[in-house]
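*Asks:* I am attaching a structure below and will ask some questions about it afterwards.
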There are 4 protein chains.
Amino acid sequence: MVAGSATVGRRALAKEQRRQQLIDATIKCIAKKGLSSTTLADVAKEAGLSQGIVNLHFDSKDNLLYETLRYVSEDYDKQFMATYAQTSADPAACLLALIKMDLQPSICDAKKLAVWFAFWSEVKAVPTYQKLCAARERKYDDVLVDLAARIIDDGGYEDADASLVAKALGSLTDGLWLSCLVDPKSFDRQVALNTVKSYLRGIFPDHYLREPTA
Amino acid sequence: MVAGSATVGRRALAKEQRRQQLIDATIKCIAKKGLSSTTLADVAKEAGLSQGIVNLHFDSKDNLLYETLRYVSEDYDKQFMATYAQTSADPAACLLALIKMDLQPSICDAKKLAVWFAFWSEVKAVPTYQKLCAARERKYDDVLVDLAARIIDDGGYEDADASLVAKALGSLTDGLWLSCLVDPKSFDRQVALNTVKSYLRGIFPDHYLREPTA
Amino acid sequence: MVAGSATVGRRALAKEQRRQQLIDATIKCIAKKGLSSTTLADVAKEAGLSQGIVNLHFDSKDNLLYETLRYVSEDYDKQFMATYAQTSADPAACLLALIKMDLQPSICDAKKLAVWFAFWSEVKAVPTYQKLCAARERKYDDVLVDLAARIIDDGGYEDADASLVAKALGSLTDGLWLSCLVDPKSFDRQVALNTVKSYLRGIFPDHYLREPTA
Amino acid sequence: MVAGSATVGRRALAKEQRRQQLIDATIKCIAKKGLSSTTLADVAKEAGLSQGIVNLHFDSKDNLLYETLRYVSEDYDKQFMATYAQTSADPAACLLALIKMDLQPSICDAKKLAVWFAFWSEVKAVPTYQKLCAARERKYDDVLVDLAARIIDDGGYEDADASLVAKALGSLTDGLWLSCLVDPKSFDRQVALNTVKSYLRGIFPDHYLREPTA
DNA sequence: AATGAATGAGAATTCATTCAT
DNA sequence: AATGAATGAATTCTCATTCAT
């Protein structure tokens, strides 16, 4: 949008939009240069704005990074809750939908994953990161445990343990994210999905019937 | 000159020890402060040595970081290969042994994991990290595919796909590492192991018989 | 155009009030944060107005500071001249009245003194400050020399030197201002006044008879 | 000293000397540019050293400024105590010696005075400055009260109040410092001294006999 | 081989000034 | 006349690297 980008200058955006613009630029920079090489100058340049802009809107670099993590986290949460809301009536469908969401390009893309891993790696160093990340993890786990329990109940899978299943599914997707990040060329979304599906068929055979793989 | 070469040997050893001392200090610092806040002064202080020491032994910070990743990677590889060598005759036992190793404190500890995640997050930015990390991933995957294939062959699990199983197991352990890093307090090694075992029983029931969980 | 000129008059008044409001805010800020830490944002906030307001009314920070010094200086001068005008007929009474004025709260208060000392300290660096400050000093000295001379003449204090007396009195009050600024808790206006009175009695015994100190 | 200044480079000075060099440079800068315009770059340049040098030796600008005030204060105190020690047996001589010291070029010079006034003006804003300045003031006052009391006792000056005399003398010299700072051209050390002497003769006539003024 | 003071480039931060609204 | 978001130069501070000892 040439007209649009020409208009993006002084006073063009409301305060909240400006903040979002800077957070977006931060995500791009972290993905491109890594967290440890991302400078405020990089972020400002990526956003096409001036040096002092970040401190104007976020007071400090630390705060910008924290708000970036918060945004990525909330963004994930919104998609997660929306997917859940649409499918929660059918626990097996819901579980699969959530997994599919995790592997969708809007979540599982190299840019956002670089951000997640960057912050995960600093969790031990920055307590505020730890809180945010652990909270997401727990919330996710709670939902999965509930869904798994309902499936177990429904299908009479006496041997299965809902919390182990939830942990396995959560770990599986996190691990698949890693291979998407580390080796994006050989990462294949369909293969990743089949990896999880094969697990689901193994423990909940009646709910995840064999289907032709693409 | 025996005396001379002995001296050189001693010096070379001392030099190697210094390098290792600095790599250990680097790992501690990355875990404690995060990669992005780790300075050479931090590393030198952690090692109890002087400011200029890192450049003396590693020429540059970038090189120190690279060598640190290489060390962690080789350290992992050594344990991996040793475990493999001891158990490779029995693929089912070998697979379980490798998983157990991944969850052992010598591998799955918050310090080393912080290093892994830090470098993973920069993989997109630093090609040399990408190479090292992708290589480990592939080697690990190759071994697991082979083991899974042997088990499938042995047990006649016609439906199972060795490469999907390998991918699932690799992702599972990586994902469990993440929960160990992010929420170490609620991380339980036994639960983590059972998570993987429950998966193995699901796909290879004859090889991983039910046993009483602790 | 009567209406027009009335409007201009009102506007001019408003403009002058705004300037004064900003000068008052500047004085408060200098006292509270020190000259070197006073920013235009501080001044605007103290005045309850917006960021750009100072440049609108004073063009530059330097100019605001200069106008602030000029205001404090003129304010002093007005009180000084008023006191002088009321008492000049009797040189001894006039001298004492001027001293008392110097120690009155309207002059000798921590806020205004902080401003005086801040500008005095920059006199070497900013020629315009130097001019203003030296001019006040000289004017004050001239008046005091004249009064002292008339008292000496009147009392036949042959040993006394009017210019030395004037210098001493001027220095005394400046020095008392300093102790008011530096140690306001132990500063006592009455003690300060008695300090000067004891000096006056020493040199002009007939004009400043002993009286019971409070 | 050409050879000397050529030698002044890396490693030339011990740590403490380097600190002193920077404090001296700070004093010069404050005198030349004023406290509010003195930057670390100015100080480093004045000292002929590199940008980062101040933070290396003083950690922060605030600390450099504080240490500078402390130095000026201690420097004053040393001269004060030395003068006192040499003359304390004779209170009248001691008092005069201390006054003379206050007006000597080593104390009463525009450079050091600019520093004193700069910090005095920030006393309300910076509690640590307040403490240092108030302490000096009190110590000085204590000594003067004691000397005045001994003179009063010795001479039978029943009307004189030692603490008022001390306050007057302290204020007088502080005020004379101000005129030295504000109007150095018309400042005359001899006149300044005579100003104080005339006061001393007024209250302690037997101890400070008339002498021909230069 | 080791030290640690010194450097200087570069990063974060501040803030006077501008200007569209 | 007033606002306050935006700018960008200047300032403080950091830190990898150098080098005399």
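Every chain in the structure tokens has a letter given in the order shown (A, B, ...), and although residue numbers restart at 1 in each chain, ligands are simply numbered from 1 in the order shown.
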The coordinates of chain C, once least-squares superposed on chain B over all sequentially paired C-alpha atoms, should be supplied as an mmCIF file with C-alpha atoms, in the first residue's frame.
*Replies:*
```
data_model
loop_
_atom_site.group_PDB
_atom_site.id
_atom_site.type_symbol
_atom_site.label_atom_id
_atom_site.label_comp_id
_atom_site.auth_asym_id
_atom_site.auth_seq_id
_atom_site.Cartn_x
_atom_site.Cartn_y
_atom_site.Cartn_z
ATOM 1 C CA MET C 1 63.888 -33.723 23.431
ATOM 2 C CA VAL C 2 61.843 -35.625 25.880
ATOM 3 C CA ALA C 3 61.909 -32.924 28.528
ATOM 4 C CA GLY C 4 60.875 -30.358 25.963
ATOM 5 C CA SER C 5 57.997 -32.329 24.610
ATOM 6 C CA ALA C 6 56.884 -33.117 28.121
ATOM 7 C CA THR C 7 56.843 -29.411 28.813
ATOM 8 C CA VAL C 8 54.901 -28.715 25.672
ATOM 9 C CA GLY C 9 52.546 -31.449 26.699
ATOM 10 C CA ARG C 10 52.054 -29.935 30.115
ATOM 11 C CA ARG C 11 51.532 -26.531 28.601
ATOM 12 C CA ALA C 12 49.106 -27.804 26.060
ATOM 13 C CA LEU C 13 47.176 -29.532 28.818
ATOM 14 C CA ALA C 14 47.109 -26.397 30.934
ATOM 15 C CA LYS C 15 45.923 -24.447 27.944
ATOM 16 C CA GLU C 16 43.145 -26.915 27.305
ATOM 17 C CA GLN C 17 42.134 -26.809 30.964
ATOM 18 C CA ARG C 18 41.961 -23.023 30.878
ATOM 19 C CA ARG C 19 39.732 -23.165 27.823
ATOM 20 C CA GLN C 20 37.476 -25.686 29.515
ATOM 21 C CA GLN C 21 37.391 -23.581 32.662
ATOM 22 C CA LEU C 22 36.220 -20.636 30.595
ATOM 23 C CA ILE C 23 33.630 -22.678 28.726
ATOM 24 C CA ASP C 24 32.254 -23.929 32.033
ATOM 25 C CA ALA C 25 32.080 -20.366 33.288
ATOM 26 C CA THR C 26 30.289 -19.348 30.099
ATOM 27 C CA ILE C 27 27.665 -22.047 30.590
ATOM 28 C CA LYS C 28 27.088 -20.903 34.161
ATOM 29 C CA CYS C 29 26.767 -17.286 33.069
ATOM 30 C CA ILE C 30 24.345 -18.032 30.246
ATOM 31 C CA ALA C 31 22.201 -20.000 32.663
ATOM 32 C CA LYS C 32 22.366 -17.349 35.350
ATOM 33 C CA LYS C 33 22.117 -14.126 33.334
ATOM 34 C CA GLY C 34 20.907 -15.198 29.928
ATOM 35 C CA LEU C 35 22.926 -15.156 26.725
ATOM 36 C CA SER C 36 22.074 -11.551 25.942
ATOM 37 C CA SER C 37 23.363 -10.275 29.277
ATOM 38 C CA THR C 38 26.479 -12.394 29.488
ATOM 39 C CA THR C 39 29.616 -10.302 29.165
ATOM 40 C CA LEU C 40 33.226 -11.361 28.975
ATOM 41 C CA ALA C 41 33.738 -9.665 32.315
ATOM 42 C CA ASP C 42 31.038 -11.953 33.767
ATOM 43 C CA VAL C 43 32.710 -15.010 32.346
ATOM 44 C CA ALA C 44 36.161 -13.993 33.576
ATOM 45 C CA LYS C 45 34.807 -13.246 37.027
ATOM 46 C CA GLU C 46 32.895 -16.523 37.179
ATOM 47 C CA ALA C 47 36.132 -18.293 36.272
ATOM 48 C CA GLY C 48 38.025 -16.292 38.865
ATOM 49 C CA LEU C 49 40.385 -14.932 36.235
ATOM 50 C CA SER C 50 41.228 -11.570 34.784
ATOM 51 C CA GLN C 51 39.436 -9.381 32.232
ATOM 52 C CA GLY C 52 41.566 -10.051 29.179
ATOM 53 C CA ILE C 53 41.678 -13.809 29.628
ATOM 54 C CA VAL C 54 38.940 -14.712 27.169
ATOM 55 C CA ASN C 55 40.472 -12.893 24.242
ATOM 56 C CA LEU C 56 43.772 -14.523 25.092
ATOM 57 C CA HIS C 57 42.346 -18.013 24.810
ATOM 58 C CA PHE C 58 39.473 -17.580 22.371
ATOM 59 C CA ASP C 59 40.404 -14.471 20.372
ATOM 60 C CA SER C 60 36.849 -13.175 20.441
ATOM 61 C CA LYS C 61 33.576 -13.424 22.258
ATOM 62 C CA ASP C 62 31.847 -14.884 19.209
ATOM 63 C CA ASN C 63 34.386 -17.657 19.160
ATOM 64 C CA LEU C 64 33.954 -18.377 22.872
ATOM 65 C CA LEU C 65 30.213 -18.707 22.376
ATOM 66 C CA TYR C 66 30.638 -20.934 19.383
ATOM 67 C CA GLU C 67 33.098 -23.150 21.246
ATOM 68 C CA THR C 68 30.691 -23.315 24.153
ATOM 69 C CA LEU C 69 27.909 -24.558 21.928
ATOM 70 C CA ARG C 70 30.315 -27.008 20.340
ATOM 71 C CA TYR C 71 31.314 -28.298 23.769
ATOM 72 C CA VAL C 72 27.728 -28.785 24.922
ATOM 73 C CA SER C 73 26.934 -30.486 21.657
ATOM 74 C CA GLU C 74 29.945 -32.798 21.792
ATOM 75 C CA ASP C 75 29.310 -33.561 25.424
ATOM 76 C CA TYR C 76 25.798 -34.636 24.493
ATOM 77 C CA ASP C 77 27.072 -36.654 21.591
ATOM 78 C CA LYS C 78 29.592 -38.536 23.728
ATOM 79 C CA GLN C 79 26.968 -39.629 26.218
ATOM 80 C CA PHE C 80 24.602 -40.467 23.413
ATOM 81 C CA MET C 81 27.139 -42.633 21.598
ATOM 82 C CA ALA C 82 28.249 -44.316 24.808
ATOM 83 C CA THR C 83 24.678 -45.234 25.704
ATOM 84 C CA TYR C 84 24.056 -46.428 22.184
ATOM 85 C CA ALA C 85 27.211 -48.531 22.140
ATOM 86 C CA GLN C 86 26.252 -50.288 25.355
ATOM 87 C CA THR C 87 22.735 -51.217 24.328
ATOM 88 C CA SER C 88 22.541 -51.247 20.557
ATOM 89 C CA ALA C 89 22.160 -54.986 20.379
ATOM 90 C CA ASP C 90 18.635 -54.736 21.753
ATOM 91 C CA PRO C 91 16.797 -51.943 19.886
ATOM 92 C CA ALA C 92 13.922 -51.642 22.380
ATOM 93 C CA ALA C 93 16.287 -51.470 25.340
ATOM 94 C CA CYS C 94 18.515 -49.097 23.443
ATOM 95 C CA LEU C 95 15.643 -46.748 22.645
ATOM 96 C CA LEU C 96 14.572 -46.658 26.260
ATOM 97 C CA ALA C 97 18.155 -46.185 27.432
ATOM 98 C CA LEU C 98 18.594 -43.219 25.122
ATOM 99 C CA ILE C 99 15.384 -41.633 26.380
ATOM 100 C CA LYS C 100 16.440 -42.204 29.973
ATOM 101 C CA MET C 101 19.756 -40.618 29.199
ATOM 102 C CA ASP C 102 18.013 -37.553 27.780
ATOM 103 C CA LEU C 103 16.190 -37.149 31.058
ATOM 104 C CA GLN C 104 19.201 -37.797 33.298
ATOM 105 C CA PRO C 105 20.466 -34.878 35.371
ATOM 106 C CA SER C 106 23.751 -34.843 33.489
ATOM 107 C CA ILE C 107 21.865 -33.853 30.332
ATOM 108 C CA CYS C 108 18.535 -32.540 31.479
ATOM 109 C CA ASP C 109 19.703 -29.883 33.887
ATOM 110 C CA ALA C 110 18.630 -26.285 33.843
ATOM 111 C CA LYS C 111 22.134 -24.956 33.177
ATOM 112 C CA LYS C 112 22.809 -26.934 30.046
ATOM 113 C CA LEU C 113 19.247 -26.543 28.813
ATOM 114 C CA ALA C 114 19.485 -22.773 29.107
ATOM 115 C CA VAL C 115 22.511 -22.973 26.830
ATOM 116 C CA TRP C 116 20.722 -25.177 24.304
ATOM 117 C CA PHE C 117 17.688 -22.927 24.148
ATOM 118 C CA ALA C 118 19.808 -19.791 23.932
ATOM 119 C CA PHE C 119 21.634 -21.098 20.910
ATOM 120 C CA TRP C 120 18.537 -22.572 19.322
ATOM 121 C CA SER C 121 16.917 -19.165 19.509
ATOM 122 C CA GLU C 122 19.807 -17.666 17.546
ATOM 123 C CA VAL C 123 19.962 -20.379 14.942
ATOM 124 C CA LYS C 124 18.253 -18.170 12.378
ATOM 125 C CA ALA C 125 20.748 -15.404 12.989
ATOM 126 C CA VAL C 126 24.007 -17.337 13.216
ATOM 127 C CA PRO C 127 24.577 -19.898 10.450
ATOM 128 C CA THR C 128 27.316 -21.692 12.383
ATOM 129 C CA TYR C 129 24.897 -22.389 15.226
ATOM 130 C CA GLN C 130 22.368 -23.642 12.713
ATOM 131 C CA LYS C 131 24.834 -26.135 11.273
ATOM 132 C CA LEU C 132 25.822 -27.529 14.644
ATOM 133 C CA CYS C 133 22.251 -27.808 15.886
ATOM 134 C CA ALA C 134 20.807 -29.288 12.712
ATOM 135 C CA ALA C 135 23.630 -31.832 12.584
ATOM 136 C CA ARG C 136 22.910 -33.066 16.101
ATOM 137 C CA GLU C 137 19.208 -33.235 15.319
ATOM 138 C CA ARG C 138 19.782 -35.274 12.196
ATOM 139 C CA LYS C 139 22.251 -37.657 13.773
ATOM 140 C CA TYR C 140 19.900 -38.278 16.670
ATOM 141 C CA ASP C 141 17.019 -38.782 14.275
ATOM 142 C CA ASP C 142 18.980 -41.237 12.137
ATOM 143 C CA VAL C 143 19.791 -43.419 15.122
ATOM 144 C CA LEU C 144 16.198 -43.359 16.338
ATOM 145 C CA VAL C 145 14.794 -44.174 12.911
ATOM 146 C CA ASP C 146 17.102 -47.172 12.714
ATOM 147 C CA LEU C 147 16.128 -48.411 16.175
ATOM 148 C CA ALA C 148 12.430 -47.878 15.519
ATOM 149 C CA ALA C 149 12.720 -49.717 12.214
ATOM 150 C CA ARG C 150 14.379 -52.688 13.907
ATOM 151 C CA ILE C 151 11.660 -52.779 16.586
ATOM 152 C CA ILE C 152 8.892 -52.517 13.985
ATOM 153 C CA ASP C 153 10.541 -55.267 12.012
ATOM 154 C CA ASP C 154 10.976 -57.382 15.106
ATOM 155 C CA GLY C 155 7.439 -56.875 16.410
ATOM 156 C CA GLY C 156 5.556 -56.776 13.165
ATOM 157 C CA TYR C 157 4.044 -53.410 13.934
ATOM 158 C CA GLU C 158 2.882 -52.940 10.388
ATOM 159 C CA ASP C 159 1.022 -49.694 10.992
ATOM 160 C CA ALA C 160 3.954 -47.915 12.569
ATOM 161 C CA ASP C 161 6.210 -45.631 10.574
ATOM 162 C CA ALA C 162 9.780 -45.612 11.886
ATOM 163 C CA SER C 163 10.504 -42.045 10.876
ATOM 164 C CA LEU C 164 7.313 -40.769 12.506
ATOM 165 C CA VAL C 165 8.165 -42.655 15.680
ATOM 166 C CA ALA C 166 11.679 -41.233 15.678
ATOM 167 C CA LYS C 167 10.364 -37.730 15.108
ATOM 168 C CA ALA C 168 7.816 -38.160 17.888
ATOM 169 C CA LEU C 169 10.394 -39.425 20.365
ATOM 170 C CA GLY C 170 12.855 -36.687 19.510
ATOM 171 C CA SER C 171 10.183 -34.036 19.790
ATOM 172 C CA LEU C 172 8.879 -35.513 23.022
ATOM 173 C CA THR C 173 12.227 -35.287 24.764
ATOM 174 C CA ASP C 174 12.903 -31.792 23.403
ATOM 175 C CA GLY C 175 9.499 -30.723 24.659
ATOM 176 C CA LEU C 176 10.117 -32.289 28.049
ATOM 177 C CA TRP C 177 13.386 -30.380 28.228
ATOM 178 C CA LEU C 178 11.420 -27.213 27.739
ATOM 179 C CA SER C 179 9.139 -27.924 30.672
ATOM 180 C CA CYS C 180 12.217 -28.736 32.752
ATOM 181 C CA LEU C 181 13.638 -25.350 31.822
ATOM 182 C CA VAL C 182 10.524 -23.245 32.153
ATOM 183 C CA ASP C 183 8.983 -24.760 35.230
ATOM 184 C CA PRO C 184 11.717 -26.689 37.018
ATOM 185 C CA LYS C 185 9.780 -26.810 40.281
ATOM 186 C CA SER C 186 6.912 -28.805 38.870
ATOM 187 C CA PHE C 187 9.155 -30.854 36.609
ATOM 188 C CA ASP C 188 9.398 -34.473 37.677
ATOM 189 C CA ARG C 189 11.935 -36.688 36.000
ATOM 190 C CA GLN C 190 9.880 -39.839 36.702
ATOM 191 C CA VAL C 191 6.715 -38.331 35.278
ATOM 192 C CA ALA C 192 8.671 -37.240 32.227
ATOM 193 C CA LEU C 193 9.993 -40.737 31.760
ATOM 194 C CA ASN C 194 6.527 -42.203 32.189
ATOM 195 C CA THR C 195 5.221 -39.811 29.582
ATOM 196 C CA VAL C 196 7.598 -41.235 27.030
ATOM 197 C CA LYS C 197 7.032 -44.805 28.225
ATOM 198 C CA SER C 198 3.271 -44.444 27.814
ATOM 199 C CA TYR C 199 3.898 -43.416 24.242
ATOM 200 C CA LEU C 200 6.207 -46.356 23.648
ATOM 201 C CA ARG C 201 3.677 -48.782 25.098
ATOM 202 C CA GLY C 202 1.042 -47.283 22.815
ATOM 203 C CA ILE C 203 2.929 -48.018 19.634
ATOM 204 C CA PHE C 204 5.125 -50.939 20.629
ATOM 205 C CA PRO C 205 2.949 -52.752 23.216
ATOM 206 C CA ASP C 206 4.820 -56.023 23.008
ATOM 207 C CA HIS C 207 8.199 -54.459 23.628
ATOM 208 C CA TYR C 208 7.230 -52.141 26.413
ATOM 209 C CA LEU C 209 5.015 -54.193 28.683
ATOM 210 C CA ARG C 210 2.994 -52.545 31.353
ATOM 211 C CA GLU C 211 4.899 -52.145 34.555
ATOM 212 C CA PRO C 212 3.832 -50.511 37.795
ATOM 213 C CA THR C 213 4.594 -46.779 37.565
ATOM 214 C CA ALA C 214 6.356 -45.434 40.610
#
```
*Asks:* Sorted by chain and rising residue number, list the residues of chain E at most 12 Å from chain B (counting only C-alpha atoms (C1' of nucleotides)), each with its closest atom pair and distance in Å to one decimal, as a tab-separated table.
*Replies:*
```
residue	atom	partner	partner_atom	distance
E:DA1	C1'	B:Leu56	CA	8.9
E:DA2	C1'	B:Ile53	CA	7.3
E:DT3	C1'	B:Ser50	CA	6.1
E:DG4	C1'	B:Gln51	CA	6.4
E:DA5	C1'	B:Gln51	CA	10.2
```
*Asks:* Dump N, CA and C atoms (P, O5', C5', C4', C3', O3' and C1' of nucleotides) for the selected residues as an mmCIF file, in the first residue's frame?
*Replies:*
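Output (out.cif):
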```
data_model
loop_
_atom_site.group_PDB
_atom_site.id
_atom_site.type_symbol
_atom_site.label_atom_id
_atom_site.label_comp_id
_atom_site.auth_asym_id
_atom_site.auth_seq_id
_atom_site.Cartn_x
_atom_site.Cartn_y
_atom_site.Cartn_z
ATOM 1 P P DA E 1 50.761 -19.491 25.793
ATOM 2 O "O5'" DA E 1 50.470 -19.239 27.331
ATOM 3 C "C5'" DA E 1 51.186 -19.947 28.341
ATOM 4 C "C4'" DA E 1 50.735 -19.404 29.663
ATOM 5 C "C3'" DA E 1 49.267 -18.985 29.705
ATOM 6 O "O3'" DA E 1 48.773 -19.262 31.002
ATOM 7 C "C1'" DA E 1 50.630 -17.092 30.049
ATOM 8 P P DA E 2 47.287 -18.874 31.426
ATOM 9 O "O5'" DA E 2 47.479 -17.404 31.986
ATOM 10 C "C5'" DA E 2 48.264 -17.233 33.172
ATOM 11 C "C4'" DA E 2 48.180 -15.800 33.624
ATOM 12 C "C3'" DA E 2 46.765 -15.211 33.648
ATOM 13 O "O3'" DA E 2 46.494 -14.849 34.987
ATOM 14 C "C1'" DA E 2 48.310 -13.721 32.632
ATOM 15 P P DT E 3 45.085 -14.161 35.382
ATOM 16 O "O5'" DT E 3 45.480 -12.627 35.374
ATOM 17 C "C5'" DT E 3 46.536 -12.184 36.226
ATOM 18 C "C4'" DT E 3 46.763 -10.716 35.978
ATOM 19 C "C3'" DT E 3 45.505 -9.859 36.086
ATOM 20 O "O3'" DT E 3 45.677 -9.001 37.191
ATOM 21 C "C1'" DT E 3 46.811 -9.273 34.182
ATOM 22 P P DG E 4 44.387 -8.539 38.067
ATOM 23 O "O5'" DG E 4 44.144 -7.090 37.479
ATOM 24 C "C5'" DG E 4 45.211 -6.149 37.408
ATOM 25 C "C4'" DG E 4 44.826 -5.054 36.432
ATOM 26 C "C3'" DG E 4 43.338 -4.672 36.458
ATOM 27 O "O3'" DG E 4 43.221 -3.301 36.112
ATOM 28 C "C1'" DG E 4 43.882 -5.312 34.329
ATOM 29 P P DA E 5 42.936 -2.210 37.196
ATOM 30 O "O5'" DA E 5 43.498 -0.910 36.457
ATOM 31 C "C5'" DA E 5 44.906 -0.759 36.273
ATOM 32 C "C4'" DA E 5 45.181 -0.021 34.981
ATOM 33 C "C3'" DA E 5 44.274 1.178 34.717
ATOM 34 O "O3'" DA E 5 45.085 2.189 34.132
ATOM 35 C "C1'" DA E 5 44.049 -0.384 32.937
#
```
*Asks:* What are the residues of chain F that have an atom within 8 Å of an atom of chain C, counting only C-alpha atoms (C1' of nucleotides), as a CSV table (one decimal) with C-alpha atoms (C1' of nucleotides), in the first residue's frame?
*Replies:*
```
chain,number,residue,atom,x,y,z
F,2,DA,C1',-1.9,25.1,23.2
F,3,DT,C1',-0.9,20.3,22.8
F,4,DG,C1',1.9,16.2,22.8
```
*Asks:* What are the DSSP alpha helix (DSSP H) residues of chain C, as number ranges by chain?
*Replies:* C: 2-33, 40-47, 53-58, 61-87, 91-103, 110-121, 127-155, 162-182, 189-203
*Asks:* So what do you get for atom C1' of E:DA9 versus atom C1' of F:DT21, distance-wise?
*Replies:* 25.4 Å
*Asks:* Figure out the distance between atom C1' of F:DA1 and atom C1' of E:DA20, please, to one decimal in Å.
*Replies:* 14.9 Å
